[in-house]
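Visitor: As input, take final.tsv (TSV, C-alpha atoms):
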```tsv
chain	number	residue	atom	x	y	z
V	1	MET	CA	0.00	0.00	0.00
V	2	VAL	CA	1.26	3.47	-0.83
V	3	CYS	CA	-0.20	6.54	0.84
V	4	PHE	CA	0.22	9.83	-0.99
V	5	ILE	CA	-0.28	13.13	0.71
V	6	GLY	CA	-0.04	16.18	-1.53
V	7	LYS	CA	-0.89	17.25	-5.06
V	8	THR	CA	-1.58	14.35	-7.40
V	9	HIS	CA	1.34	14.93	-9.78
V	10	HIS	CA	3.72	15.67	-6.89
V	11	ALA	CA	2.53	12.54	-5.11
V	12	LEU	CA	3.23	10.49	-8.26
V	13	ILE	CA	6.75	11.90	-8.42
V	14	GLY	CA	7.11	11.17	-4.71
V	15	MET	CA	5.92	7.60	-5.21
V	16	ILE	CA	8.43	7.03	-7.99
V	17	PHE	CA	11.19	8.61	-5.91
V	18	THR	CA	10.35	6.61	-2.81
V	19	SER	CA	9.90	3.35	-4.68
V	20	LEU	CA	13.14	3.68	-6.59
V	21	SER	CA	15.09	4.80	-3.55
V	22	PHE	CA	14.03	1.89	-1.38
V	23	LEU	CA	12.71	-0.99	-3.43
V	24	PHE	CA	15.55	-1.08	-5.95
V	25	VAL	CA	18.51	0.47	-4.19
V	26	ASN	CA	17.86	-1.02	-0.73
V	27	SER	CA	15.95	-4.21	-1.51
V	28	ALA	CA	18.15	-6.16	0.91
V	29	LEU	CA	17.03	-3.82	3.68
V	30	PHE	CA	13.48	-5.19	3.57
V	31	ALA	CA	14.59	-8.80	3.78
V	32	SER	CA	15.71	-8.28	7.37
V	33	TYR	CA	13.37	-5.48	8.43
V	34	GLU	CA	10.73	-6.50	10.98
V	35	PRO	CA	8.95	-3.69	12.83
V	36	ASP	CA	8.37	-4.24	16.53
V	37	CYS	CA	4.78	-3.00	16.58
V	38	TYR	CA	3.22	-5.84	14.54
V	39	SER	CA	3.49	-9.59	14.76
V	40	VAL	CA	6.19	-11.06	12.56
V	41	GLU	CA	3.75	-13.56	11.03
V	42	ARG	CA	1.35	-10.78	10.00
V	43	GLU	CA	4.19	-8.78	8.44
V	44	ARG	CA	5.35	-11.68	6.28
V	45	ASN	CA	1.91	-11.85	4.67
V	46	ALA	CA	1.36	-8.08	4.41
V	47	THR	CA	2.41	-5.59	1.81
V	48	ILE	CA	5.01	-2.91	2.36
V	49	ARG	CA	3.35	0.37	3.35
V	50	ILE	CA	5.07	3.45	1.90
V	51	LEU	CA	4.29	7.02	2.92
V	52	SER	CA	5.27	9.60	0.31
V	53	LEU	CA	5.02	13.22	1.44
V	54	ASP	CA	4.79	16.21	-0.86
V	55	GLY	CA	7.02	19.24	-0.38
V	56	GLY	CA	6.07	22.84	-0.84
V	57	ALA	CA	7.81	24.82	1.92
V	58	VAL	CA	5.22	26.23	4.35
V	59	ARG	CA	2.46	24.34	2.50
V	60	GLY	CA	3.97	21.29	4.23
V	61	ILE	CA	1.50	22.10	6.97
V	62	ILE	CA	-1.19	20.40	4.86
V	63	PRO	CA	0.32	16.89	4.82
V	64	ALA	CA	1.43	17.38	8.45
V	65	THR	CA	-2.16	18.18	9.45
V	66	ILE	CA	-3.51	15.15	7.57
V	67	LEU	CA	-0.92	12.92	9.25
V	68	ALA	CA	-1.73	14.38	12.68
V	69	ARG	CA	-5.39	13.49	12.18
V	70	LEU	CA	-4.51	10.02	10.84
V	71	CYS	CA	-2.29	9.34	13.87
V	72	GLN	CA	-4.96	10.63	16.22
V	73	GLU	CA	-7.65	8.41	14.68
V	74	ALA	CA	-5.41	5.33	14.55
V	75	GLY	CA	-3.82	5.87	17.94
V	76	LEU	CA	-0.43	5.07	16.38
V	77	GLU	CA	2.66	6.98	15.29
V	78	VAL	CA	3.69	7.17	11.63
V	79	SER	CA	6.64	4.85	12.28
V	80	ASP	CA	4.15	2.25	13.54
V	81	MET	CA	1.84	2.51	10.51
V	82	PHE	CA	4.33	2.60	7.62
V	83	HIS	CA	7.41	0.62	6.68
V	84	VAL	CA	9.05	3.37	4.62
V	85	VAL	CA	8.74	7.15	4.66
V	86	GLY	CA	9.96	9.40	1.87
V	87	GLY	CA	9.37	12.97	0.89
V	88	SER	CA	10.59	15.91	-1.07
V	89	SER	CA	11.57	19.24	0.44
V	90	ALA	CA	9.24	20.00	3.38
V	91	GLY	CA	7.79	16.48	3.02
V	92	GLY	CA	11.26	15.09	3.62
V	93	MET	CA	11.58	17.29	6.68
V	94	ILE	CA	8.27	16.00	8.04
V	95	GLY	CA	9.15	12.38	7.29
V	96	THR	CA	12.52	12.74	8.99
V	97	CYS	CA	10.99	14.40	12.06
V	98	LEU	CA	8.53	11.53	12.41
V	99	THR	CA	11.19	8.81	12.19
V	100	ILE	CA	14.11	10.07	14.28
V	101	PRO	CA	14.34	8.50	17.73
V	102	LYS	CA	13.94	10.36	21.01
V	103	ASN	CA	17.04	8.77	22.57
V	104	PRO	CA	19.25	7.27	19.83
V	105	GLU	CA	21.81	6.13	22.41
V	106	ASP	CA	19.23	3.73	23.95
V	107	ASP	CA	18.73	0.18	22.77
V	108	ARG	CA	17.08	0.21	19.34
V	109	SER	CA	14.12	-1.87	20.61
V	110	GLU	CA	13.23	0.96	23.02
V	111	TRP	CA	13.30	3.78	20.45
V	112	MET	CA	10.25	6.05	20.22
V	113	PRO	CA	9.80	8.91	17.75
V	114	LEU	CA	11.13	12.27	18.92
V	115	TYR	CA	8.28	14.18	17.26
V	116	THR	CA	4.63	13.44	16.65
V	117	ALA	CA	2.71	14.56	13.57
V	118	GLN	CA	1.06	17.25	15.72
V	119	ASP	CA	4.54	18.49	16.65
V	120	CYS	CA	5.22	18.91	12.91
V	121	VAL	CA	2.03	20.97	12.51
V	122	ASP	CA	3.08	23.16	15.43
V	123	MET	CA	6.58	23.47	13.97
V	124	PHE	CA	5.20	24.82	10.69
V	125	PHE	CA	3.26	27.47	12.59
V	126	THR	CA	6.15	28.55	14.79
V	127	GLU	CA	8.92	28.29	12.16
V	128	ARG	CA	7.05	29.52	9.07
V	129	GLU	CA	9.34	32.57	8.81
V	130	ASN	CA	12.44	30.35	8.64
V	131	ILE	CA	11.22	27.96	5.97
V	132	LEU	CA	12.40	29.21	2.58
V	133	LYS	CA	13.05	32.73	3.80
V	134	LYS	CA	13.98	34.92	0.84
V	135	ARG	CA	17.30	36.77	0.90
V	136	TRP	CA	17.45	40.54	0.75
V	137	PHE	CA	20.06	40.46	-1.99
V	138	PRO	CA	19.99	37.13	-3.83
V	139	ILE	CA	23.52	36.20	-4.84
V	140	GLY	CA	23.67	32.59	-5.99
V	141	SER	CA	20.54	31.55	-4.15
V	142	LEU	CA	17.17	33.25	-3.86
V	143	TYR	CA	16.67	31.78	-0.37
V	144	ASP	CA	18.56	32.23	2.87
V	145	VAL	CA	19.98	28.78	3.63
V	146	CYS	CA	21.22	29.82	7.10
V	147	CYS	CA	17.68	29.94	8.53
V	148	LEU	CA	16.82	26.49	7.18
V	149	GLU	CA	20.14	25.02	8.33
V	150	ASP	CA	19.55	26.45	11.80
V	151	LEU	CA	16.06	24.94	11.88
V	152	THR	CA	17.27	21.49	10.83
V	153	MET	CA	20.03	21.56	13.46
V	154	ARG	CA	17.48	22.44	16.14
V	155	LEU	CA	15.10	19.70	14.95
V	156	TYR	CA	17.54	16.84	14.35
V	157	GLY	CA	20.62	17.73	16.38
V	158	ASP	CA	23.35	15.15	15.84
V	159	THR	CA	20.97	12.37	14.79
V	160	SER	CA	21.97	10.78	11.49
V	161	PHE	CA	19.84	9.04	8.86
V	162	ASP	CA	21.15	5.62	9.86
V	163	GLN	CA	19.44	6.10	13.23
V	164	THR	CA	15.87	6.48	11.94
V	165	LEU	CA	13.12	4.22	13.30
V	166	ILE	CA	12.17	2.99	9.82
V	167	PRO	CA	13.81	3.46	6.39
V	168	THR	CA	13.52	7.15	5.51
V	169	ALA	CA	14.47	9.24	2.48
V	170	ALA	CA	14.34	12.94	1.80
V	171	LEU	CA	14.81	14.61	-1.55
V	172	THR	CA	16.18	18.08	-1.01
V	173	TYR	CA	17.80	20.83	-3.00
V	174	ASP	CA	21.27	22.15	-2.27
V	175	TYR	CA	20.90	25.88	-2.89
V	176	ILE	CA	24.62	26.54	-2.60
V	177	HIS	CA	25.69	23.98	-5.21
V	178	ALA	CA	22.42	24.19	-7.19
V	179	LYS	CA	21.67	20.47	-7.33
V	180	ALA	CA	19.26	17.93	-5.91
V	181	LYS	CA	20.35	15.65	-3.06
V	182	VAL	CA	18.87	12.43	-1.76
V	183	LEU	CA	19.31	11.78	1.95
V	184	LYS	CA	18.43	8.24	3.01
V	185	SER	CA	18.81	5.73	5.79
```
Hey, can you dump this file as structure tokens for me?
Guide:
Amino acid sequence: MVCFIGKTHHALIGMIFTSLSFLFVNSALFASYEPDCYSVERERNATIRILSLDGGAVRGIIPATILARLCQEAGLEVSDMFHVVGGSSAGGMIGTCLTIPKNPEDDRSEWMPLYTAQDCVDMFFTERENILKKRWFPIGSLYDVCCLEDLTMRLYGDTSFDQTLIPTAALTYDYIHAKAKVLKS
């Protein structure tokens, strides 16, 4: 099952991105991946659930709000409902927030997500000025990367992608070098 949150054509691009990133590049990863929240027997017979999140800077509040409601209704966190999370731009930021552990130094079996989907909604409200803030004098980049870098450091700290609760990928754009980057666990 694949769950798309965002515009239809962006969601299709996200699905392709997420599928290619994980199913082809990291196919061995799924052979040994068994989430703790479900029974192993049930997982062997189930399909892989992929969450693909649309980007869009501050408009990322829309998929974050949908996810917050989904988590509230299900009584589960995103890392408990999906096997893989991927997103572009703000969608990648949301996906990463929802899959980084609260205490990465603890035993992996005890990891819980650091942020909830509602925390992501709140983050978009409080940090909206720092997400794709335009520069006064655009040399090289139209956007001020310092604000976004500061935000990501405050959100993720020293946590790396290999410490995520479930396989996670984020498609981002490097404004300094003017090229796309894929960050993945």
Visitor: May I have the residues within 10 Å of segment 91-103 of chain V as JSON, numbers by chain, using all atoms listed in the file and disregarding those fewer than 5 positions away in the same chain?
Guide: {"V": [5, 6, 14, 51, 52, 53, 54, 55, 56, 57, 59, 60, 61, 62, 63, 64, 67, 77, 78, 79, 80, 84, 85, 86, 108, 110, 111, 112, 113, 114, 115, 116, 117, 118, 119, 120, 121, 123, 124, 152, 155, 156, 159, 160, 161, 162, 163, 164, 165, 166, 167, 168, 169, 170, 171, 172, 182, 183, 184, 185]}
Visitor: With C-alpha atoms retained, write the just-selected residues as a tab-separated table (two decimals), keeping the file's coordinate frame.
Guide:
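Contents of the output file part.tsv:
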```tsv
chain	number	residue	atom	x	y	z
V	5	ILE	CA	-0.28	13.13	0.71
V	6	GLY	CA	-0.04	16.18	-1.53
V	14	GLY	CA	7.11	11.17	-4.71
V	51	LEU	CA	4.29	7.02	2.92
V	52	SER	CA	5.27	9.60	0.31
V	53	LEU	CA	5.02	13.22	1.44
V	54	ASP	CA	4.79	16.21	-0.86
V	55	GLY	CA	7.02	19.24	-0.38
V	56	GLY	CA	6.07	22.84	-0.84
V	57	ALA	CA	7.81	24.82	1.92
V	59	ARG	CA	2.46	24.34	2.50
V	60	GLY	CA	3.97	21.29	4.23
V	61	ILE	CA	1.50	22.10	6.97
V	62	ILE	CA	-1.19	20.40	4.86
V	63	PRO	CA	0.32	16.89	4.82
V	64	ALA	CA	1.43	17.38	8.45
V	67	LEU	CA	-0.92	12.92	9.25
V	77	GLU	CA	2.66	6.98	15.29
V	78	VAL	CA	3.69	7.17	11.63
V	79	SER	CA	6.64	4.85	12.28
V	80	ASP	CA	4.15	2.25	13.54
V	84	VAL	CA	9.05	3.37	4.62
V	85	VAL	CA	8.74	7.15	4.66
V	86	GLY	CA	9.96	9.40	1.87
V	108	ARG	CA	17.08	0.21	19.34
V	110	GLU	CA	13.23	0.96	23.02
V	111	TRP	CA	13.30	3.78	20.45
V	112	MET	CA	10.25	6.05	20.22
V	113	PRO	CA	9.80	8.91	17.75
V	114	LEU	CA	11.13	12.27	18.92
V	115	TYR	CA	8.28	14.18	17.26
V	116	THR	CA	4.63	13.44	16.65
V	117	ALA	CA	2.71	14.56	13.57
V	118	GLN	CA	1.06	17.25	15.72
V	119	ASP	CA	4.54	18.49	16.65
V	120	CYS	CA	5.22	18.91	12.91
V	121	VAL	CA	2.03	20.97	12.51
V	123	MET	CA	6.58	23.47	13.97
V	124	PHE	CA	5.20	24.82	10.69
V	152	THR	CA	17.27	21.49	10.83
V	155	LEU	CA	15.10	19.70	14.95
V	156	TYR	CA	17.54	16.84	14.35
V	159	THR	CA	20.97	12.37	14.79
V	160	SER	CA	21.97	10.78	11.49
V	161	PHE	CA	19.84	9.04	8.86
V	162	ASP	CA	21.15	5.62	9.86
V	163	GLN	CA	19.44	6.10	13.23
V	164	THR	CA	15.87	6.48	11.94
V	165	LEU	CA	13.12	4.22	13.30
V	166	ILE	CA	12.17	2.99	9.82
V	167	PRO	CA	13.81	3.46	6.39
V	168	THR	CA	13.52	7.15	5.51
V	169	ALA	CA	14.47	9.24	2.48
V	170	ALA	CA	14.34	12.94	1.80
V	171	LEU	CA	14.81	14.61	-1.55
V	172	THR	CA	16.18	18.08	-1.01
V	182	VAL	CA	18.87	12.43	-1.76
V	183	LEU	CA	19.31	11.78	1.95
V	184	LYS	CA	18.43	8.24	3.01
V	185	SER	CA	18.81	5.73	5.79
```
Visitor: Of the candidates V:Gly157, V:Ala90, V:Ser109, V:Pro104, which one gets nearest to Tyr173 of chain V if we count all atoms listed in the file?
Guide: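 Once distances to Tyr173 of chain V are computed over all atoms listed in the file, the minimum belongs to V:Ala90.
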Visitor: Calculate how many Å separate atom CA of Phe82 of chain V from atom CA of Ile48 of chain V, rounding to one decimal.
Guide: 7.6 Å
Visitor: Restricting the calculation to all atoms listed in the file: of V:Asp150, V:Ser89, V:Asp158, V:Asp174, which residue gets closest to Asn130 of chain V?
Guide: V:Asp150
Visitor: Kindly give the distance, in Å, that separates atom CA of Glu127 of chain V and atom CA of Cys146 of chain V, rounded to a single decimal.
Guide: 13.4 Å
Visitor: What is the distance, in Å and to one decimal place, between atom CA of Met153 of chain V and atom CA of Lys179 of chain V?
Guide: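 One can read the atom CA of Met153 of chain V to atom CA of Lys179 of chain V distance as 20.9 Å.
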